[in-house]
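Step one of this worksheet: look at the structure below.
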Amino acid sequence: MLDESTTTAYLERISARRPDRPDLDSLRHLHERHVLSVPFESLDYQLGREVHYKDKRVVDKIVHQRRGGGCGEINTSFFYLLETLGYSVRLHHGRVWIGGELKAPYNHLLVSAEIDGRRWIVDTGFGKGSRYPLAMDTADAQPDPHGEFSLRAVDDRSTDVLCNGKPLYRFYDDPVTLSDFDQVIWWYRTSPDSLLLQNMFCQLPLDDGWVLLKDDVLSITRGKETTTEKLADDAAVLAAYEEWFGISFDERPTPSPHRSSSVRMAFEEK
């Protein structure tokens, strides 16, 4: 549980109202505000910093340092907030679909919430996931500002989550602990094959699109139009982090030496 001052600061960080009760309307509001406020980014992986996802230090990073992170950081932090606000929440693992291939187990961390007997997928850390929670008890299409989402049962313990008919990840309804993700986080932080080491990125949904900063290339999508600009210098990169993501650095983050310029930017599928 988070203390009162941290909870208040968290809600201010994401510009969210404190819910009167842990109901669905409040969950949808909190989910949307989290998605629109906390960027999906790989910067600490690139900078060689420790990645905290098993204790309240991840909340400090997101709330007080005003940063984002990977799915393990963003969704764990949101889990702590929802638990504090009285929601019945559980942690889960997933496997991401990239390039038509289902990747290794435990390479995605997400949350479920149960409200009035119905269960919802709560995933604010997928990058290009849904803006709102997804109902788990229906195969019907679920319209969302980020696309038309649907769930497709694989077996009695796993479900594929799709957007516009394309599978994003497979959700597993198995009990997990945060320690179950230790090996995967270690791999993402150390392996030359890690997409988080190969790609320096920071991305965030906008009300009507997306903003993505890949090293020094800024792309802004508004509706169906995308503008892309290679930023002139370090000062322009630092200004972009501040303007679009609210992140302040003393020096421009530089890419990890593991990065390969030939690697397809597969993270954009996530």
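In the structure tokens, the first chain shown is A, the next is B, and so on; residue numbers restart at 1 for each chain, and ligands run from 1 in the order shown.
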- request: May I have the residues within 9 Å of Leu91 in chain A as a PyMOL selection string, using only C-alpha atoms and disregarding those fewer than 3 positions away in the same chain?
  value: chain A and resi 75-76+79+109-112+174-178
Kindly save the residues from that selection, with N, CA and C atoms included, as an mmCIF file, in the first residue's frame.
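And here's again.cif as it stands now:
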```cif
data_model
loop_
_atom_site.group_PDB
_atom_site.id
_atom_site.type_symbol
_atom_site.label_atom_id
_atom_site.label_comp_id
_atom_site.auth_asym_id
_atom_site.auth_seq_id
_atom_site.Cartn_x
_atom_site.Cartn_y
_atom_site.Cartn_z
ATOM 1 N N ASN A 75 3.214 -0.986 -15.141
ATOM 2 C CA ASN A 75 2.069 -1.738 -14.629
ATOM 3 C C ASN A 75 2.227 -2.113 -13.165
ATOM 4 N N THR A 76 3.454 -2.345 -12.700
ATOM 5 C CA THR A 76 3.644 -2.599 -11.274
ATOM 6 C C THR A 76 3.302 -1.366 -10.458
ATOM 7 N N PHE A 79 -0.368 -0.975 -10.352
ATOM 8 C CA PHE A 79 -0.899 -1.996 -9.442
ATOM 9 C C PHE A 79 -0.886 -1.477 -8.004
ATOM 10 N N LEU A 109 4.343 -7.926 -18.457
ATOM 11 C CA LEU A 109 3.714 -7.934 -17.142
ATOM 12 C C LEU A 109 2.494 -7.035 -17.199
ATOM 13 N N LEU A 110 1.375 -7.534 -16.708
ATOM 14 C CA LEU A 110 0.148 -6.758 -16.719
ATOM 15 C C LEU A 110 -0.709 -7.107 -15.513
ATOM 16 N N VAL A 111 -1.869 -6.481 -15.428
ATOM 17 C CA VAL A 111 -2.708 -6.539 -14.229
ATOM 18 C C VAL A 111 -4.126 -6.902 -14.639
ATOM 19 N N SER A 112 -4.860 -7.552 -13.746
ATOM 20 C CA SER A 112 -6.307 -7.685 -13.913
ATOM 21 C C SER A 112 -6.995 -7.128 -12.678
ATOM 22 N N ASP A 174 -2.527 -17.137 -14.840
ATOM 23 C CA ASP A 174 -1.819 -17.903 -13.818
ATOM 24 C C ASP A 174 -1.360 -16.950 -12.716
ATOM 25 N N PRO A 175 -1.323 -17.418 -11.470
ATOM 26 C CA PRO A 175 -0.779 -16.565 -10.407
ATOM 27 C C PRO A 175 0.720 -16.369 -10.593
ATOM 28 N N VAL A 176 1.187 -15.145 -10.403
ATOM 29 C CA VAL A 176 2.615 -14.840 -10.533
ATOM 30 C C VAL A 176 3.033 -13.937 -9.375
ATOM 31 N N THR A 177 4.334 -13.885 -9.146
ATOM 32 C CA THR A 177 4.924 -12.913 -8.235
ATOM 33 C C THR A 177 5.891 -12.062 -9.038
ATOM 34 N N LEU A 178 6.256 -10.915 -8.507
ATOM 35 C CA LEU A 178 7.183 -10.046 -9.227
ATOM 36 C C LEU A 178 8.542 -10.696 -9.411
#
```
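For range 83-219 of chain A, a DSSP pass over the backbone yields helix (DSSP H, G or I) at Glu83, Thr84, Leu178, Ser179, Asp180, Phe181, Asp182, Gln183, Val184, Ile185, Trp186, Trp187, Tyr188, Arg189, Thr190, Leu195, Leu196, Leu197 and Gln198 of chain A.
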Using only C-alpha atoms, which residues sit within 8 Å of range 23-38 of chain A once same-chain residues fewer than 2 positions away are excluded, as a PyMOL selection string?
chain A and resi 13-17+19+21+40+62+66-68+74+78+115+122+124-125+131-133+204-207+245
Could you take the residues named above and write them with C-alpha atoms, as a CSV table (one decimal), in the first residue's frame?
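Output contents, as saved in result-v4.csv:
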```
chain,number,residue,atom,x,y,z
A,13,ARG,CA,1.2,13.1,-11.5
A,14,ILE,CA,-1.4,11.6,-13.8
A,15,SER,CA,-4.0,14.5,-13.4
A,16,ALA,CA,-6.6,12.0,-12.1
A,17,ARG,CA,-9.5,12.5,-9.7
A,19,PRO,CA,-12.2,7.9,-6.8
A,21,ARG,CA,-15.2,4.1,-4.7
A,40,PHE,CA,6.6,3.9,-22.4
A,62,ILE,CA,7.2,7.5,-12.0
A,66,ARG,CA,8.2,12.0,-13.5
A,67,ARG,CA,9.5,9.2,-15.7
A,68,GLY,CA,8.0,6.2,-17.5
A,74,ILE,CA,4.5,1.0,-15.4
A,78,PHE,CA,-0.2,1.3,-11.3
A,115,ILE,CA,-15.3,-5.3,-10.1
A,122,VAL,CA,-5.6,-3.5,-16.9
A,124,THR,CA,-1.1,0.8,-19.1
A,125,GLY,CA,2.4,-0.3,-20.0
A,131,ARG,CA,-6.6,3.5,-23.5
A,132,TYR,CA,-9.3,1.8,-21.4
A,133,PRO,CA,-9.5,-1.5,-19.5
A,204,LEU,CA,3.3,8.6,-25.3
A,205,PRO,CA,-0.3,8.7,-26.7
A,206,LEU,CA,-1.8,12.0,-27.4
A,207,ASP,CA,-5.5,12.8,-27.3
A,245,PHE,CA,7.1,13.8,-22.0
```
Selection near Thr254 in chain A, 8 Å with only C-alpha atoms, sequence-local residues under 2 positions removed, as a list of chain:residue names: A:Gln46, A:Leu47, A:Asp215, A:Arg252, A:Ser256
Writer output for current selection, all heavy atoms, as a PDB file, in the first residue's frame:
```
ATOM      1  N   GLN A  46      19.069   1.858 -21.559  1.00  0.00           N
ATOM      2  CA  GLN A  46      20.149   2.427 -22.344  1.00  0.00           C
ATOM      3  C   GLN A  46      21.231   3.045 -21.463  1.00  0.00           C
ATOM      4  O   GLN A  46      22.418   2.992 -21.778  1.00  0.00           O
ATOM      5  CB  GLN A  46      19.589   3.498 -23.283  1.00  0.00           C
ATOM      6  CG  GLN A  46      18.628   2.974 -24.330  1.00  0.00           C
ATOM      7  CD  GLN A  46      19.330   2.405 -25.530  1.00  0.00           C
ATOM      8  OE1 GLN A  46      20.401   2.858 -25.892  1.00  0.00           O
ATOM      9  NE2 GLN A  46      18.750   1.397 -26.153  1.00  0.00           N
ATOM     10  N   LEU A  47      20.828   3.619 -20.345  1.00  0.00           N
ATOM     11  CA  LEU A  47      21.762   4.301 -19.458  1.00  0.00           C
ATOM     12  C   LEU A  47      22.438   3.358 -18.473  1.00  0.00           C
ATOM     13  O   LEU A  47      23.284   3.787 -17.678  1.00  0.00           O
ATOM     14  CB  LEU A  47      21.027   5.409 -18.694  1.00  0.00           C
ATOM     15  CG  LEU A  47      20.449   6.535 -19.566  1.00  0.00           C
ATOM     16  CD1 LEU A  47      19.582   7.457 -18.723  1.00  0.00           C
ATOM     17  CD2 LEU A  47      21.563   7.313 -20.245  1.00  0.00           C
ATOM     18  N   ASP A 215      15.915   8.159 -30.138  1.00  0.00           N
ATOM     19  CA  ASP A 215      17.219   8.814 -30.108  1.00  0.00           C
ATOM     20  C   ASP A 215      17.031  10.299 -30.419  1.00  0.00           C
ATOM     21  O   ASP A 215      16.570  11.048 -29.571  1.00  0.00           O
ATOM     22  CB  ASP A 215      18.185   8.115 -31.046  1.00  0.00           C
ATOM     23  CG  ASP A 215      19.628   8.568 -30.841  1.00  0.00           C
ATOM     24  OD1 ASP A 215      19.881   9.341 -29.898  1.00  0.00           O
ATOM     25  OD2 ASP A 215      20.504   8.165 -31.624  1.00  0.00           O
ATOM     26  N   ARG A 252      21.951  14.953 -22.470  1.00  0.00           N
ATOM     27  CA  ARG A 252      21.189  14.111 -23.379  1.00  0.00           C
ATOM     28  C   ARG A 252      21.524  12.640 -23.170  1.00  0.00           C
ATOM     29  O   ARG A 252      22.704  12.265 -23.158  1.00  0.00           O
ATOM     30  CB  ARG A 252      21.494  14.509 -24.825  1.00  0.00           C
ATOM     31  CG  ARG A 252      20.915  13.545 -25.849  1.00  0.00           C
ATOM     32  CD  ARG A 252      21.360  13.901 -27.244  1.00  0.00           C
ATOM     33  NE  ARG A 252      21.095  12.822 -28.174  1.00  0.00           N
ATOM     34  CZ  ARG A 252      21.425  12.827 -29.465  1.00  0.00           C
ATOM     35  NH1 ARG A 252      22.040  13.903 -29.966  1.00  0.00           N
ATOM     36  NH2 ARG A 252      21.168  11.798 -30.234  1.00  0.00           N
ATOM     37  N   SER A 256      22.857   2.939 -25.950  1.00  0.00           N
ATOM     38  CA  SER A 256      23.716   1.871 -25.468  1.00  0.00           C
ATOM     39  C   SER A 256      24.635   1.394 -26.582  1.00  0.00           C
ATOM     40  O   SER A 256      24.255   1.378 -27.755  1.00  0.00           O
ATOM     41  CB  SER A 256      22.859   0.694 -24.982  1.00  0.00           C
ATOM     42  OG  SER A 256      23.607  -0.483 -24.904  1.00  0.00           O
TER      43      SER A 256
END
```
Under the rule that only C-alpha atoms are counted, which of A:Leu162, A:Ile220, A:Ala113, A:Ala153 is the nearest residue to Trp97 in chain A?
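Looking only at the distances to Trp97 in chain A, the closest residue turns out to be A:Leu162.
Here CA of Phe171 in chain A stands at a distance of 9.5 Å from CA of Val154 in chain A.
Summary of the local environment: counting only C-alpha atoms, residues at most 9 Å from Asp173 in chain A, other than itself and those fewer than 4 positions away along its chain, are His92, His93, Asp156, Arg157, Ser158 and Thr159 of chain A.
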Counting only C-alpha atoms, what is within 8 Å of Glu73 in chain A, bar same-chain residues fewer than 3 positions away, as a ChimeraX atom specification? /A:51-53,58,68-70,76-77,125
Export N, CA and C atoms of the chosen residues as a short mmCIF file (atom, residue, chain, number, x, y, z; two decimals), in the first residue's frame?
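Written file, out-v5.cif:
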```
data_model
loop_
_atom_site.label_atom_id
_atom_site.label_comp_id
_atom_site.auth_asym_id
_atom_site.auth_seq_id
_atom_site.Cartn_x
_atom_site.Cartn_y
_atom_site.Cartn_z
N VAL A 51 16.84 -1.38 -12.86
CA VAL A 51 15.41 -1.28 -13.17
C VAL A 51 14.64 -1.84 -11.99
N HIS A 52 13.91 -0.99 -11.29
CA HIS A 52 13.16 -1.39 -10.10
C HIS A 52 11.72 -1.69 -10.48
N TYR A 53 11.24 -2.86 -10.13
CA TYR A 53 9.87 -3.26 -10.44
C TYR A 53 9.26 -4.10 -9.33
N VAL A 58 9.84 1.95 -7.80
CA VAL A 58 9.30 2.20 -9.14
C VAL A 58 8.26 3.31 -9.07
N GLY A 68 8.83 7.38 -17.08
CA GLY A 68 8.04 6.23 -17.46
C GLY A 68 8.86 4.98 -17.27
N GLY A 69 8.75 4.05 -18.22
CA GLY A 69 9.52 2.82 -18.14
C GLY A 69 8.94 1.77 -19.05
N GLY A 70 9.37 0.52 -18.81
CA GLY A 70 8.82 -0.62 -19.53
C GLY A 70 7.56 -1.12 -18.83
N THR A 76 3.45 -2.35 -12.70
CA THR A 76 3.64 -2.60 -11.27
C THR A 76 3.30 -1.37 -10.46
N SER A 77 3.74 -0.20 -10.91
CA SER A 77 3.43 1.03 -10.21
C SER A 77 1.93 1.27 -10.16
N GLY A 125 0.96 -0.31 -19.69
CA GLY A 125 2.38 -0.34 -20.01
C GLY A 125 2.73 -1.11 -21.25
#
```
Shell around range 101-108 of chain A at 7 Å using only C-alpha atoms, local window under 5 positions removed, as a short mmCIF file (atom, residue, chain, number, x, y, z; two decimals) with N, CA, C and O atoms, in the first residue's frame:
```
data_model
loop_
_atom_site.label_atom_id
_atom_site.label_comp_id
_atom_site.auth_asym_id
_atom_site.auth_seq_id
_atom_site.Cartn_x
_atom_site.Cartn_y
_atom_site.Cartn_z
N CYS A 71 7.00 -2.20 -19.37
CA CYS A 71 5.74 -2.71 -18.83
C CYS A 71 5.87 -3.12 -17.36
O CYS A 71 4.95 -2.89 -16.56
N HIS A 93 1.39 -12.56 -16.24
CA HIS A 93 2.43 -12.45 -17.26
C HIS A 93 1.82 -12.67 -18.63
O HIS A 93 0.72 -13.22 -18.78
N GLY A 94 2.55 -12.21 -19.64
CA GLY A 94 2.10 -12.37 -21.01
C GLY A 94 3.27 -12.65 -21.93
O GLY A 94 4.44 -12.55 -21.55
N ARG A 95 2.93 -13.01 -23.16
CA ARG A 95 3.92 -13.22 -24.22
C ARG A 95 3.53 -12.33 -25.39
O ARG A 95 2.39 -12.36 -25.86
N VAL A 96 4.47 -11.53 -25.86
CA VAL A 96 4.19 -10.54 -26.89
C VAL A 96 4.31 -11.15 -28.28
O VAL A 96 5.23 -11.94 -28.55
N PHE A 181 9.69 -12.46 -12.71
CA PHE A 181 10.15 -11.70 -13.87
C PHE A 181 11.64 -11.37 -13.81
O PHE A 181 12.17 -10.72 -14.71
N VAL A 184 13.80 -12.41 -16.92
CA VAL A 184 13.50 -11.66 -18.15
C VAL A 184 14.04 -10.23 -18.05
O VAL A 184 14.62 -9.71 -19.02
#
```
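Considering the residues A:Glu12, A:Glu41, A:Glu225, A:Glu114 and counting only C-alpha atoms, His64 in chain A has its shortest atom-to-atom contact with A:Glu12.
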Based on DSSP run over this structure's backbone, return all residues of range 205-253 of chain A in strand (DSSP E or B), as a list in words.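 Filtering range 205-253 of chain A down to strand (DSSP E or B) leaves Pro205, Leu206, Gly209, Trp210, Val211, Leu212, Leu213, Lys214, Val217, Leu218, Ser219, Ile220, Thr221, Arg222, Glu225, Thr226, Thr227, Thr228, Glu229 and Lys230 of chain A.
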Can I get the selection written as a PDB file, in the first residue's frame, with N, CA and C atoms?
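The resulting selection.pdb:
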```
ATOM      1  N   PRO A 205       0.904   8.299 -25.932  1.00  0.00           N
ATOM      2  CA  PRO A 205      -0.288   8.670 -26.705  1.00  0.00           C
ATOM      3  C   PRO A 205      -0.651  10.132 -26.478  1.00  0.00           C
ATOM      4  N   LEU A 206      -1.226  10.721 -27.500  1.00  0.00           N
ATOM      5  CA  LEU A 206      -1.825  12.048 -27.405  1.00  0.00           C
ATOM      6  C   LEU A 206      -3.344  11.881 -27.485  1.00  0.00           C
ATOM      7  N   GLY A 209      -3.497  11.152 -31.194  1.00  0.00           N
ATOM      8  CA  GLY A 209      -2.392  10.538 -31.914  1.00  0.00           C
ATOM      9  C   GLY A 209      -1.323  10.015 -30.987  1.00  0.00           C
ATOM     10  N   TRP A 210      -0.052  10.141 -31.433  1.00  0.00           N
ATOM     11  CA  TRP A 210       1.081   9.609 -30.679  1.00  0.00           C
ATOM     12  C   TRP A 210       2.282  10.524 -30.864  1.00  0.00           C
ATOM     13  N   VAL A 211       3.168  10.515 -29.890  1.00  0.00           N
ATOM     14  CA  VAL A 211       4.460  11.168 -30.050  1.00  0.00           C
ATOM     15  C   VAL A 211       5.532  10.137 -29.707  1.00  0.00           C
ATOM     16  N   LEU A 212       6.564  10.080 -30.535  1.00  0.00           N
ATOM     17  CA  LEU A 212       7.631   9.093 -30.383  1.00  0.00           C
ATOM     18  C   LEU A 212       8.973   9.774 -30.618  1.00  0.00           C
ATOM     19  N   LEU A 213       9.879   9.631 -29.648  1.00  0.00           N
ATOM     20  CA  LEU A 213      11.249  10.120 -29.801  1.00  0.00           C
ATOM     21  C   LEU A 213      12.178   8.913 -29.812  1.00  0.00           C
ATOM     22  N   LYS A 214      12.819   8.656 -30.952  1.00  0.00           N
ATOM     23  CA  LYS A 214      13.779   7.563 -31.103  1.00  0.00           C
ATOM     24  C   LYS A 214      15.162   8.188 -31.241  1.00  0.00           C
ATOM     25  N   VAL A 217      15.280  11.427 -33.307  1.00  0.00           N
ATOM     26  CA  VAL A 217      14.256  11.563 -34.344  1.00  0.00           C
ATOM     27  C   VAL A 217      12.886  11.645 -33.666  1.00  0.00           C
ATOM     28  N   LEU A 218      12.198  12.750 -33.871  1.00  0.00           N
ATOM     29  CA  LEU A 218      10.911  13.011 -33.248  1.00  0.00           C
ATOM     30  C   LEU A 218       9.807  12.823 -34.282  1.00  0.00           C
ATOM     31  N   SER A 219       8.838  11.946 -33.964  1.00  0.00           N
ATOM     32  CA  SER A 219       7.690  11.714 -34.845  1.00  0.00           C
ATOM     33  C   SER A 219       6.412  12.035 -34.082  1.00  0.00           C
ATOM     34  N   ILE A 220       5.565  12.832 -34.707  1.00  0.00           N
ATOM     35  CA  ILE A 220       4.303  13.226 -34.093  1.00  0.00           C
ATOM     36  C   ILE A 220       3.177  12.864 -35.046  1.00  0.00           C
ATOM     37  N   THR A 221       2.231  12.072 -34.555  1.00  0.00           N
ATOM     38  CA  THR A 221       1.074  11.672 -35.348  1.00  0.00           C
ATOM     39  C   THR A 221      -0.154  12.381 -34.808  1.00  0.00           C
ATOM     40  N   ARG A 222      -0.863  13.060 -35.687  1.00  0.00           N
ATOM     41  CA  ARG A 222      -2.133  13.695 -35.369  1.00  0.00           C
ATOM     42  C   ARG A 222      -3.158  13.182 -36.363  1.00  0.00           C
ATOM     43  N   GLU A 225      -2.068  11.980 -40.012  1.00  0.00           N
ATOM     44  CA  GLU A 225      -0.868  12.660 -40.503  1.00  0.00           C
ATOM     45  C   GLU A 225       0.277  12.513 -39.502  1.00  0.00           C
ATOM     46  N   THR A 226       1.456  12.162 -40.020  1.00  0.00           N
ATOM     47  CA  THR A 226       2.649  12.027 -39.187  1.00  0.00           C
ATOM     48  C   THR A 226       3.739  12.933 -39.719  1.00  0.00           C
ATOM     49  N   THR A 227       4.351  13.710 -38.829  1.00  0.00           N
ATOM     50  CA  THR A 227       5.509  14.514 -39.185  1.00  0.00           C
ATOM     51  C   THR A 227       6.727  13.951 -38.458  1.00  0.00           C
ATOM     52  N   THR A 228       7.841  13.873 -39.140  1.00  0.00           N
ATOM     53  CA  THR A 228       9.079  13.325 -38.577  1.00  0.00           C
ATOM     54  C   THR A 228      10.201  14.331 -38.765  1.00  0.00           C
ATOM     55  N   GLU A 229      10.968  14.542 -37.693  1.00  0.00           N
ATOM     56  CA  GLU A 229      12.039  15.543 -37.718  1.00  0.00           C
ATOM     57  C   GLU A 229      13.271  14.989 -37.006  1.00  0.00           C
ATOM     58  N   LYS A 230      14.420  15.092 -37.664  1.00  0.00           N
ATOM     59  CA  LYS A 230      15.686  14.778 -37.002  1.00  0.00           C
ATOM     60  C   LYS A 230      16.141  16.025 -36.269  1.00  0.00           C
TER      61      LYS A 230
END
```
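Nearest-residue note for Ala236 in chain A: choosing from A:Asp250, A:Asp216, A:Asp208, A:Asp140, the minimum distance belongs to A:Asp216, counting only C-alpha atoms.
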When you count only C-alpha atoms, which of these residues is closest to Glu83 in chain A: A:Asp20, A:Met1, A:Asp193, A:Gly100?
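Under the stated criterion, the closest residue is A:Met1.
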